[in-house]
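What follows is a short report on a single structure.
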Amino acid sequence: MARLLSTSLLILSGVAESLVLAHGARHPVVPARRLVSAQEAAQDAPAPNYAELGMSSIDNMLRMLGDLEPPQVLRDLKAAVEEGDESEIKTGLYKMLIVQALEYELSDDGMLKPSSLDFSDLSTDEEAKKETMRYVYSYGITMYKRGLIELEPLQELVLSQLAGRVGMDGKRFDEWLEMPRVS
């Protein structure tokens with residue numbers, strides 16, 4: 001899990017920074033009365049610049065890939081940024097996270113290397129695969145709750161890229177991951 005978290009934070013650092021700017025930072029020492037005010041103010045904050053988020057995320061992943069061939073998802077995200085298609089940028093950011101988490105892992109030198117996990121075979125390393133899938137799925141839900149991806153592309157990606165990767169439908173996938181129902 002530490003591998004996933006540190007890699008995702010590096011690659012999607014622009015997303016995390018924008019979440020703080022757009023939705024307000026929570027600090028444990030802020031009195032409750034001030035926290036409510038900060039949350040109300042965050043609702044009036046300008047929306048993140050998705051083109052900048054996209055390019056920052058692309059740059060971070062390219063840096064971490066080193067000499068490895070960039071995945072198609074980076075070219076797709078770059079095209080969405082160049083076209084100014086905000087919806088596709090949002091979806092592309094999540095697609096990039098999926099590819100990064102399922103196809104790569106962080107090496108000791110902070111660079112990405114191909115993942116050793118084979119998601120088509122659940123007879124080995126099942127808990128590590130569950131942990132990875134649960135993380136990516138939860139991250140997508142958090143992105144949705146924060147307005148960083150729309151519901152329809154999120155559902156489609158979870159079903160096709162996550163559940164489909166392990167040969168499951170949505171209901172079985174949720175049960176396998178022991179995910180709580182989201183209302």
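FYI, nothing fancy with the structure tokens labels: chains A, B, ... in order, residues from 1 per chain, ligands from 1 as they appear.
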
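Residues within 10 Å of stretch 150-156 of chain A, counting only C-alpha atoms and excluding same-chain residues fewer than 3 positions away, are A:Ser87, A:Glu88, A:Lys90, A:Thr91, A:Gly92, A:Tyr94, A:Lys95, A:Tyr137, A:Gly140, A:Ile141, A:Met143, A:Tyr144, A:Lys145, A:Arg146, A:Gly147, A:Leu159, A:Ser160, A:Gln161, A:Leu162, A:Ala163, A:Gly170.
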
When DSSP works through the backbone of this structure, what residues of stretch 24-175 of chain A end up as strand (DSSP E), shown as a VMD selection string? chain A and resid 104 to 106 112 to 114

Filtering to all heavy atoms, could you give me those residues as a PDB file, in the first residue's frame?
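out-v5.pdb, freshly written:
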```pdb
ATOM      1  N   TYR A 104       2.428  -0.700 -13.031  1.00  0.00           N
ATOM      2  CA  TYR A 104       3.756  -0.280 -12.569  1.00  0.00           C
ATOM      3  C   TYR A 104       3.845  -0.383 -11.055  1.00  0.00           C
ATOM      4  O   TYR A 104       2.845  -0.401 -10.359  1.00  0.00           O
ATOM      5  CB  TYR A 104       4.041   1.174 -12.976  1.00  0.00           C
ATOM      6  CG  TYR A 104       4.039   1.383 -14.462  1.00  0.00           C
ATOM      7  CD1 TYR A 104       2.905   1.843 -15.118  1.00  0.00           C
ATOM      8  CD2 TYR A 104       5.167   1.109 -15.224  1.00  0.00           C
ATOM      9  CE1 TYR A 104       2.884   2.019 -16.495  1.00  0.00           C
ATOM     10  CE2 TYR A 104       5.165   1.287 -16.597  1.00  0.00           C
ATOM     11  CZ  TYR A 104       4.021   1.742 -17.230  1.00  0.00           C
ATOM     12  OH  TYR A 104       4.010   1.911 -18.586  1.00  0.00           O
ATOM     13  N   GLU A 105       5.075  -0.413 -10.581  1.00  0.00           N
ATOM     14  CA  GLU A 105       5.334  -0.283  -9.147  1.00  0.00           C
ATOM     15  C   GLU A 105       6.573   0.571  -8.987  1.00  0.00           C
ATOM     16  O   GLU A 105       7.342   0.772  -9.930  1.00  0.00           O
ATOM     17  CB  GLU A 105       5.466  -1.641  -8.470  1.00  0.00           C
ATOM     18  CG  GLU A 105       6.455  -2.574  -9.081  1.00  0.00           C
ATOM     19  CD  GLU A 105       6.321  -3.993  -8.534  1.00  0.00           C
ATOM     20  OE1 GLU A 105       5.225  -4.579  -8.599  1.00  0.00           O
ATOM     21  OE2 GLU A 105       7.349  -4.497  -8.065  1.00  0.00           O
ATOM     22  N   LEU A 106       6.751   1.091  -7.811  1.00  0.00           N
ATOM     23  CA  LEU A 106       7.845   2.005  -7.524  1.00  0.00           C
ATOM     24  C   LEU A 106       9.095   1.228  -7.154  1.00  0.00           C
ATOM     25  O   LEU A 106       9.062   0.349  -6.293  1.00  0.00           O
ATOM     26  CB  LEU A 106       7.428   2.921  -6.365  1.00  0.00           C
ATOM     27  CG  LEU A 106       8.183   4.203  -6.160  1.00  0.00           C
ATOM     28  CD1 LEU A 106       8.129   5.079  -7.401  1.00  0.00           C
ATOM     29  CD2 LEU A 106       7.597   4.964  -4.983  1.00  0.00           C
ATOM     30  N   LEU A 112       9.496   4.266 -11.794  1.00  0.00           N
ATOM     31  CA  LEU A 112       8.514   3.220 -12.041  1.00  0.00           C
ATOM     32  C   LEU A 112       9.165   2.061 -12.788  1.00  0.00           C
ATOM     33  O   LEU A 112      10.061   2.254 -13.598  1.00  0.00           O
ATOM     34  CB  LEU A 112       7.346   3.768 -12.873  1.00  0.00           C
ATOM     35  CG  LEU A 112       6.472   4.809 -12.195  1.00  0.00           C
ATOM     36  CD1 LEU A 112       5.407   5.321 -13.162  1.00  0.00           C
ATOM     37  CD2 LEU A 112       5.817   4.248 -10.944  1.00  0.00           C
ATOM     38  N   LYS A 113       8.677   0.864 -12.489  1.00  0.00           N
ATOM     39  CA  LYS A 113       9.091  -0.342 -13.205  1.00  0.00           C
ATOM     40  C   LYS A 113       7.834  -1.176 -13.431  1.00  0.00           C
ATOM     41  O   LYS A 113       6.836  -1.002 -12.719  1.00  0.00           O
ATOM     42  CB  LYS A 113      10.137  -1.120 -12.410  1.00  0.00           C
ATOM     43  CG  LYS A 113       9.637  -1.652 -11.070  1.00  0.00           C
ATOM     44  CD  LYS A 113      10.723  -2.396 -10.331  1.00  0.00           C
ATOM     45  CE  LYS A 113      10.165  -2.964  -9.026  1.00  0.00           C
ATOM     46  NZ  LYS A 113      11.166  -3.717  -8.285  1.00  0.00           N
ATOM     47  N   PRO A 114       7.852  -2.061 -14.418  1.00  0.00           N
ATOM     48  CA  PRO A 114       6.659  -2.887 -14.652  1.00  0.00           C
ATOM     49  C   PRO A 114       6.270  -3.652 -13.385  1.00  0.00           C
ATOM     50  O   PRO A 114       7.116  -4.143 -12.649  1.00  0.00           O
ATOM     51  CB  PRO A 114       7.107  -3.834 -15.766  1.00  0.00           C
ATOM     52  CG  PRO A 114       8.183  -3.075 -16.482  1.00  0.00           C
ATOM     53  CD  PRO A 114       8.900  -2.305 -15.400  1.00  0.00           C
TER      54      PRO A 114
END
```

Among listed residues A:Glu131, A:Asp169, A:Asp59, A:Glu103, nearest A:Asp118 (using only C-alpha atoms): A:Glu103

Nearest candidate to A:Ser123 (options A:Leu74, A:Val166, A:Leu65, A:Met179; using only C-alpha atoms):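 Nearest candidate to A:Ser123 out of A:Leu74, A:Val166, A:Leu65, A:Met179: A:Val166.
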
To one decimal place, how far is atom CA of A:Ile98 from atom CA of A:Ala128 in Å?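 One can read the atom CA of A:Ile98 to atom CA of A:Ala128 distance as 15.2 Å.
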
Would you kindly return, as a compact mmCIF listing (two decimals) with all heavy atoms, in the first residue's frame, each protein, DNA or RNA residue with an atom no farther than 12 Å from any atom of A:Leu93, considering only C-alpha atoms and excluding same-chain residues fewer than 4 positions away?
```txt
# COMPACT_ATOMS: atom_id res chain seq x y z
N SER A 8 1.27 7.29 -6.36
CA SER A 8 0.11 8.07 -6.77
C SER A 8 0.26 9.52 -6.32
O SER A 8 -0.12 10.43 -7.05
CB SER A 8 -1.16 7.48 -6.19
OG SER A 8 -1.35 6.20 -6.71
N ILE A 11 2.69 11.17 -8.81
CA ILE A 11 2.14 11.34 -10.14
C ILE A 11 0.98 12.32 -10.13
O ILE A 11 0.86 13.17 -11.00
CB ILE A 11 1.73 9.99 -10.73
CG1 ILE A 11 2.98 9.17 -11.01
CG2 ILE A 11 0.91 10.16 -12.00
CD1 ILE A 11 2.71 7.76 -11.44
N LEU A 12 0.12 12.23 -9.17
CA LEU A 12 -1.07 13.08 -9.13
C LEU A 12 -0.92 14.22 -8.15
O LEU A 12 -1.90 14.71 -7.60
CB LEU A 12 -2.30 12.23 -8.80
CG LEU A 12 -2.65 11.19 -9.86
CD1 LEU A 12 -3.81 10.33 -9.38
CD2 LEU A 12 -2.99 11.83 -11.18
N SER A 13 0.30 14.69 -7.92
CA SER A 13 0.51 15.75 -6.94
C SER A 13 -0.28 17.00 -7.30
O SER A 13 -0.79 17.68 -6.44
CB SER A 13 1.99 16.08 -6.82
OG SER A 13 2.50 16.55 -8.06
N GLY A 14 -0.40 17.29 -8.57
CA GLY A 14 -1.19 18.45 -8.98
C GLY A 14 -2.64 18.29 -8.60
O GLY A 14 -3.29 19.26 -8.22
N VAL A 15 -3.18 17.10 -8.70
CA VAL A 15 -4.57 16.85 -8.31
C VAL A 15 -4.73 17.11 -6.82
O VAL A 15 -5.65 17.79 -6.39
CB VAL A 15 -5.02 15.42 -8.67
CG1 VAL A 15 -6.39 15.13 -8.11
CG2 VAL A 15 -5.00 15.21 -10.17
N ALA A 16 -3.82 16.58 -6.03
CA ALA A 16 -3.91 16.76 -4.57
C ALA A 16 -3.80 18.24 -4.20
O ALA A 16 -4.55 18.72 -3.35
CB ALA A 16 -2.81 15.95 -3.88
N TYR A 50 -7.91 22.15 -14.89
CA TYR A 50 -7.71 20.75 -15.25
C TYR A 50 -6.62 20.56 -16.29
O TYR A 50 -5.94 19.54 -16.29
CB TYR A 50 -9.03 20.11 -15.69
CG TYR A 50 -9.98 19.99 -14.52
CD1 TYR A 50 -11.04 20.87 -14.37
CD2 TYR A 50 -9.78 19.01 -13.55
CE1 TYR A 50 -11.90 20.76 -13.29
CE2 TYR A 50 -10.63 18.91 -12.47
CZ TYR A 50 -11.69 19.79 -12.34
OH TYR A 50 -12.52 19.69 -11.26
N ALA A 51 -6.44 21.53 -17.18
CA ALA A 51 -5.36 21.42 -18.17
C ALA A 51 -4.00 21.41 -17.46
O ALA A 51 -3.13 20.59 -17.78
CB ALA A 51 -5.44 22.56 -19.17
N GLU A 52 -3.84 22.28 -16.47
CA GLU A 52 -2.59 22.30 -15.71
C GLU A 52 -2.41 21.02 -14.91
O GLU A 52 -1.31 20.47 -14.83
CB GLU A 52 -2.55 23.52 -14.78
CG GLU A 52 -2.30 24.82 -15.50
CD GLU A 52 -2.26 26.01 -14.55
OE1 GLU A 52 -2.17 25.81 -13.32
OE2 GLU A 52 -2.34 27.15 -15.04
N LEU A 53 -3.50 20.52 -14.31
CA LEU A 53 -3.42 19.26 -13.58
C LEU A 53 -2.99 18.12 -14.50
O LEU A 53 -2.16 17.29 -14.13
CB LEU A 53 -4.78 18.91 -12.96
CG LEU A 53 -5.26 19.72 -11.79
CD1 LEU A 53 -6.67 19.31 -11.41
CD2 LEU A 53 -4.33 19.55 -10.62
N GLY A 54 -3.60 18.09 -15.67
CA GLY A 54 -3.28 17.04 -16.63
C GLY A 54 -1.81 17.09 -17.03
O GLY A 54 -1.11 16.07 -17.02
N MET A 55 -1.33 18.27 -17.39
CA MET A 55 0.07 18.39 -17.83
C MET A 55 1.04 18.09 -16.69
O MET A 55 2.06 17.44 -16.89
CB MET A 55 0.34 19.77 -18.43
CG MET A 55 -0.32 19.98 -19.79
SD MET A 55 0.01 18.66 -21.00
CE MET A 55 1.78 18.78 -21.20
N SER A 56 0.72 18.55 -15.50
CA SER A 56 1.58 18.27 -14.35
C SER A 56 1.65 16.77 -14.07
O SER A 56 2.73 16.22 -13.81
CB SER A 56 1.03 19.01 -13.12
OG SER A 56 1.73 18.65 -11.96
N SER A 57 0.50 16.10 -14.17
CA SER A 57 0.47 14.65 -13.94
C SER A 57 1.24 13.90 -15.02
O SER A 57 1.97 12.95 -14.73
CB SER A 57 -0.98 14.16 -13.88
OG SER A 57 -1.64 14.76 -12.79
N ILE A 58 1.08 14.34 -16.26
CA ILE A 58 1.83 13.72 -17.37
C ILE A 58 3.33 13.89 -17.13
O ILE A 58 4.10 12.93 -17.25
CB ILE A 58 1.42 14.34 -18.72
CG1 ILE A 58 0.00 13.93 -19.09
CG2 ILE A 58 2.40 13.95 -19.83
CD1 ILE A 58 -0.61 14.72 -20.24
N MET A 61 4.61 11.60 -14.34
CA MET A 61 4.69 10.19 -14.71
C MET A 61 5.81 9.96 -15.71
O MET A 61 6.54 8.97 -15.60
CB MET A 61 3.36 9.66 -15.25
CG MET A 61 3.39 8.15 -15.44
SD MET A 61 1.74 7.48 -15.65
CE MET A 61 2.12 5.75 -15.85
N VAL A 73 -2.23 5.85 -22.38
CA VAL A 73 -3.08 6.71 -21.56
C VAL A 73 -2.47 8.12 -21.42
O VAL A 73 -3.21 9.10 -21.34
CB VAL A 73 -3.37 6.06 -20.18
CG1 VAL A 73 -2.15 6.03 -19.30
CG2 VAL A 73 -4.51 6.74 -19.48
N LEU A 74 -1.15 8.24 -21.44
CA LEU A 74 -0.53 9.56 -21.35
C LEU A 74 -0.76 10.35 -22.63
O LEU A 74 -1.03 11.56 -22.59
CB LEU A 74 0.97 9.44 -21.08
CG LEU A 74 1.37 8.96 -19.69
CD1 LEU A 74 2.88 8.98 -19.53
CD2 LEU A 74 0.73 9.79 -18.61
N ARG A 75 -0.66 9.69 -23.78
CA ARG A 75 -0.92 10.37 -25.05
C ARG A 75 -2.39 10.80 -25.13
O ARG A 75 -2.70 11.89 -25.63
CB ARG A 75 -0.52 9.47 -26.22
CG ARG A 75 1.00 9.28 -26.31
CD ARG A 75 1.41 8.49 -27.54
NE ARG A 75 1.19 7.06 -27.40
CZ ARG A 75 1.99 6.23 -26.73
NH1 ARG A 75 3.07 6.70 -26.13
NH2 ARG A 75 1.73 4.94 -26.66
N ASP A 76 -3.29 9.94 -24.65
CA ASP A 76 -4.72 10.28 -24.64
C ASP A 76 -5.00 11.49 -23.74
O ASP A 76 -5.77 12.38 -24.11
CB ASP A 76 -5.55 9.09 -24.18
CG ASP A 76 -5.47 7.91 -25.13
OD1 ASP A 76 -5.04 8.08 -26.30
OD2 ASP A 76 -5.82 6.79 -24.70
N LEU A 77 -4.37 11.52 -22.58
CA LEU A 77 -4.55 12.64 -21.66
C LEU A 77 -3.99 13.92 -22.28
O LEU A 77 -4.61 14.99 -22.20
CB LEU A 77 -3.90 12.35 -20.30
CG LEU A 77 -4.00 13.44 -19.24
CD1 LEU A 77 -5.44 13.85 -18.97
CD2 LEU A 77 -3.33 12.97 -17.94
N LYS A 78 -2.84 13.82 -22.91
CA LYS A 78 -2.25 15.01 -23.55
C LYS A 78 -3.17 15.53 -24.66
O LYS A 78 -3.36 16.75 -24.78
CB LYS A 78 -0.87 14.68 -24.13
CG LYS A 78 -0.18 15.89 -24.69
CD LYS A 78 1.22 15.61 -25.14
CE LYS A 78 1.85 16.89 -25.67
NZ LYS A 78 3.17 16.67 -26.21
N ALA A 80 -6.41 15.26 -24.76
CA ALA A 80 -7.55 15.90 -24.09
C ALA A 80 -7.17 17.30 -23.60
O ALA A 80 -7.96 18.24 -23.71
CB ALA A 80 -8.05 15.03 -22.93
N VAL A 81 -5.95 17.43 -23.07
CA VAL A 81 -5.48 18.74 -22.61
C VAL A 81 -5.38 19.70 -23.79
O VAL A 81 -5.83 20.85 -23.72
CB VAL A 81 -4.13 18.62 -21.88
CG1 VAL A 81 -3.50 19.98 -21.64
CG2 VAL A 81 -4.29 17.87 -20.56
N GLU A 86 -12.41 19.30 -20.77
CA GLU A 86 -12.33 19.13 -19.32
C GLU A 86 -12.82 17.76 -18.85
O GLU A 86 -12.20 17.13 -17.99
CB GLU A 86 -13.11 20.24 -18.62
CG GLU A 86 -12.94 20.24 -17.12
CD GLU A 86 -13.63 21.42 -16.47
OE1 GLU A 86 -13.16 22.56 -16.67
OE2 GLU A 86 -14.62 21.18 -15.75
N SER A 87 -13.92 17.29 -19.42
CA SER A 87 -14.46 15.99 -19.03
C SER A 87 -13.47 14.87 -19.34
O SER A 87 -13.24 13.97 -18.53
CB SER A 87 -15.79 15.74 -19.75
OG SER A 87 -16.30 14.48 -19.41
N GLU A 88 -12.85 14.94 -20.52
CA GLU A 88 -11.87 13.92 -20.90
C GLU A 88 -10.58 14.04 -20.07
O GLU A 88 -9.92 13.04 -19.81
CB GLU A 88 -11.55 14.00 -22.39
CG GLU A 88 -12.62 13.38 -23.26
CD GLU A 88 -12.86 11.90 -22.96
OE1 GLU A 88 -11.89 11.12 -22.87
OE2 GLU A 88 -14.03 11.53 -22.79
N ILE A 89 -10.22 15.24 -19.68
CA ILE A 89 -9.04 15.41 -18.81
C ILE A 89 -9.31 14.74 -17.47
O ILE A 89 -8.47 13.98 -16.97
CB ILE A 89 -8.69 16.91 -18.61
CG1 ILE A 89 -8.24 17.54 -19.93
CG2 ILE A 89 -7.60 17.06 -17.55
CD1 ILE A 89 -8.13 19.06 -19.89
N LEU A 97 -4.16 6.98 -13.37
CA LEU A 97 -3.96 6.36 -12.06
C LEU A 97 -4.14 4.85 -12.14
O LEU A 97 -3.37 4.09 -11.56
CB LEU A 97 -4.92 6.95 -11.03
CG LEU A 97 -4.88 6.28 -9.66
CD1 LEU A 97 -3.55 6.53 -8.96
CD2 LEU A 97 -6.02 6.75 -8.80
N ILE A 98 -5.17 4.41 -12.88
CA ILE A 98 -5.42 2.97 -13.02
C ILE A 98 -4.21 2.29 -13.66
O ILE A 98 -3.71 1.29 -13.14
CB ILE A 98 -6.69 2.71 -13.86
CG1 ILE A 98 -7.94 3.14 -13.09
CG2 ILE A 98 -6.78 1.24 -14.26
CD1 ILE A 98 -9.21 3.17 -13.93
N VAL A 99 -3.73 2.84 -14.75
CA VAL A 99 -2.58 2.25 -15.44
C VAL A 99 -1.36 2.25 -14.53
O VAL A 99 -0.65 1.24 -14.40
CB VAL A 99 -2.29 2.99 -16.77
CG1 VAL A 99 -0.94 2.62 -17.34
CG2 VAL A 99 -3.40 2.71 -17.77
N GLN A 100 -1.12 3.36 -13.89
CA GLN A 100 0.05 3.46 -13.01
C GLN A 100 -0.01 2.44 -11.88
O GLN A 100 0.97 1.77 -11.60
CB GLN A 100 0.14 4.89 -12.45
CG GLN A 100 1.21 5.09 -11.42
CD GLN A 100 0.65 4.95 -10.02
OE1 GLN A 100 -0.35 5.54 -9.67
NE2 GLN A 100 1.29 4.17 -9.21
N VAL A 136 -7.34 1.84 -5.82
CA VAL A 136 -7.68 2.55 -7.06
C VAL A 136 -9.18 2.85 -7.10
O VAL A 136 -9.60 3.94 -7.50
CB VAL A 136 -7.23 1.74 -8.29
CG1 VAL A 136 -7.68 2.41 -9.58
CG2 VAL A 136 -5.72 1.58 -8.29
N TYR A 139 -9.97 5.60 -4.61
CA TYR A 139 -9.46 6.88 -5.12
C TYR A 139 -10.43 7.45 -6.14
O TYR A 139 -10.71 8.66 -6.15
CB TYR A 139 -8.08 6.68 -5.75
CG TYR A 139 -7.23 7.93 -5.78
CD1 TYR A 139 -6.17 8.09 -4.89
CD2 TYR A 139 -7.48 8.94 -6.70
CE1 TYR A 139 -5.38 9.23 -4.93
CE2 TYR A 139 -6.70 10.08 -6.73
CZ TYR A 139 -5.66 10.22 -5.85
OH TYR A 139 -4.89 11.36 -5.87
N GLY A 140 -10.98 6.59 -7.00
CA GLY A 140 -11.96 7.04 -7.98
C GLY A 140 -13.21 7.59 -7.32
O GLY A 140 -13.75 8.61 -7.75
N MET A 143 -12.38 10.95 -6.03
CA MET A 143 -12.35 11.91 -7.14
C MET A 143 -13.77 12.32 -7.52
O MET A 143 -14.03 13.50 -7.77
CB MET A 143 -11.61 11.31 -8.35
CG MET A 143 -10.11 11.22 -8.16
SD MET A 143 -9.27 10.43 -9.57
CE MET A 143 -9.47 11.69 -10.84
N TYR A 144 -14.68 11.36 -7.58
CA TYR A 144 -16.08 11.66 -7.92
C TYR A 144 -16.69 12.60 -6.88
O TYR A 144 -17.34 13.61 -7.23
CB TYR A 144 -16.90 10.37 -8.03
CG TYR A 144 -18.37 10.63 -8.11
CD1 TYR A 144 -18.93 11.17 -9.27
CD2 TYR A 144 -19.21 10.37 -7.03
CE1 TYR A 144 -20.29 11.44 -9.34
CE2 TYR A 144 -20.57 10.63 -7.11
CZ TYR A 144 -21.10 11.17 -8.26
OH TYR A 144 -22.44 11.44 -8.32
N LEU A 148 -13.93 15.61 -9.46
CA LEU A 148 -12.78 15.44 -10.35
C LEU A 148 -13.01 14.39 -11.43
O LEU A 148 -12.15 14.19 -12.28
CB LEU A 148 -11.53 15.08 -9.53
CG LEU A 148 -11.05 16.19 -8.61
CD1 LEU A 148 -9.94 15.69 -7.71
CD2 LEU A 148 -10.58 17.39 -9.42
N ILE A 149 -14.15 13.72 -11.41
CA ILE A 149 -14.55 12.81 -12.46
C ILE A 149 -16.07 12.69 -12.38
O ILE A 149 -16.65 12.79 -11.29
CB ILE A 149 -13.86 11.42 -12.35
CG1 ILE A 149 -14.11 10.58 -13.60
CG2 ILE A 149 -14.29 10.69 -11.08
CD1 ILE A 149 -13.25 9.29 -13.68
N GLU A 150 -16.69 12.49 -13.52
CA GLU A 150 -18.14 12.33 -13.55
C GLU A 150 -18.51 10.87 -13.29
O GLU A 150 -17.69 9.97 -13.46
CB GLU A 150 -18.68 12.83 -14.89
CG GLU A 150 -18.62 14.36 -14.96
CD GLU A 150 -18.07 14.87 -16.28
OE1 GLU A 150 -18.16 14.17 -17.29
OE2 GLU A 150 -17.53 16.00 -16.27
N PRO A 153 -18.32 7.98 -16.50
CA PRO A 153 -17.00 7.42 -16.84
C PRO A 153 -16.36 6.66 -15.68
O PRO A 153 -15.67 5.67 -15.90
CB PRO A 153 -16.16 8.63 -17.25
CG PRO A 153 -16.95 9.83 -16.94
CD PRO A 153 -18.36 9.42 -16.66
N LEU A 154 -16.63 7.09 -14.45
CA LEU A 154 -16.10 6.37 -13.30
C LEU A 154 -16.65 4.95 -13.26
O LEU A 154 -15.90 3.98 -13.12
CB LEU A 154 -16.42 7.10 -11.99
CG LEU A 154 -16.06 6.35 -10.70
CD1 LEU A 154 -14.56 6.12 -10.59
CD2 LEU A 154 -16.58 7.11 -9.49
N LEU A 157 -15.19 2.82 -16.09
CA LEU A 157 -13.79 2.45 -15.85
C LEU A 157 -13.67 1.40 -14.75
O LEU A 157 -12.85 0.48 -14.87
CB LEU A 157 -12.96 3.69 -15.52
CG LEU A 157 -12.70 4.62 -16.70
CD1 LEU A 157 -12.12 5.94 -16.22
CD2 LEU A 157 -11.81 3.96 -17.73
```
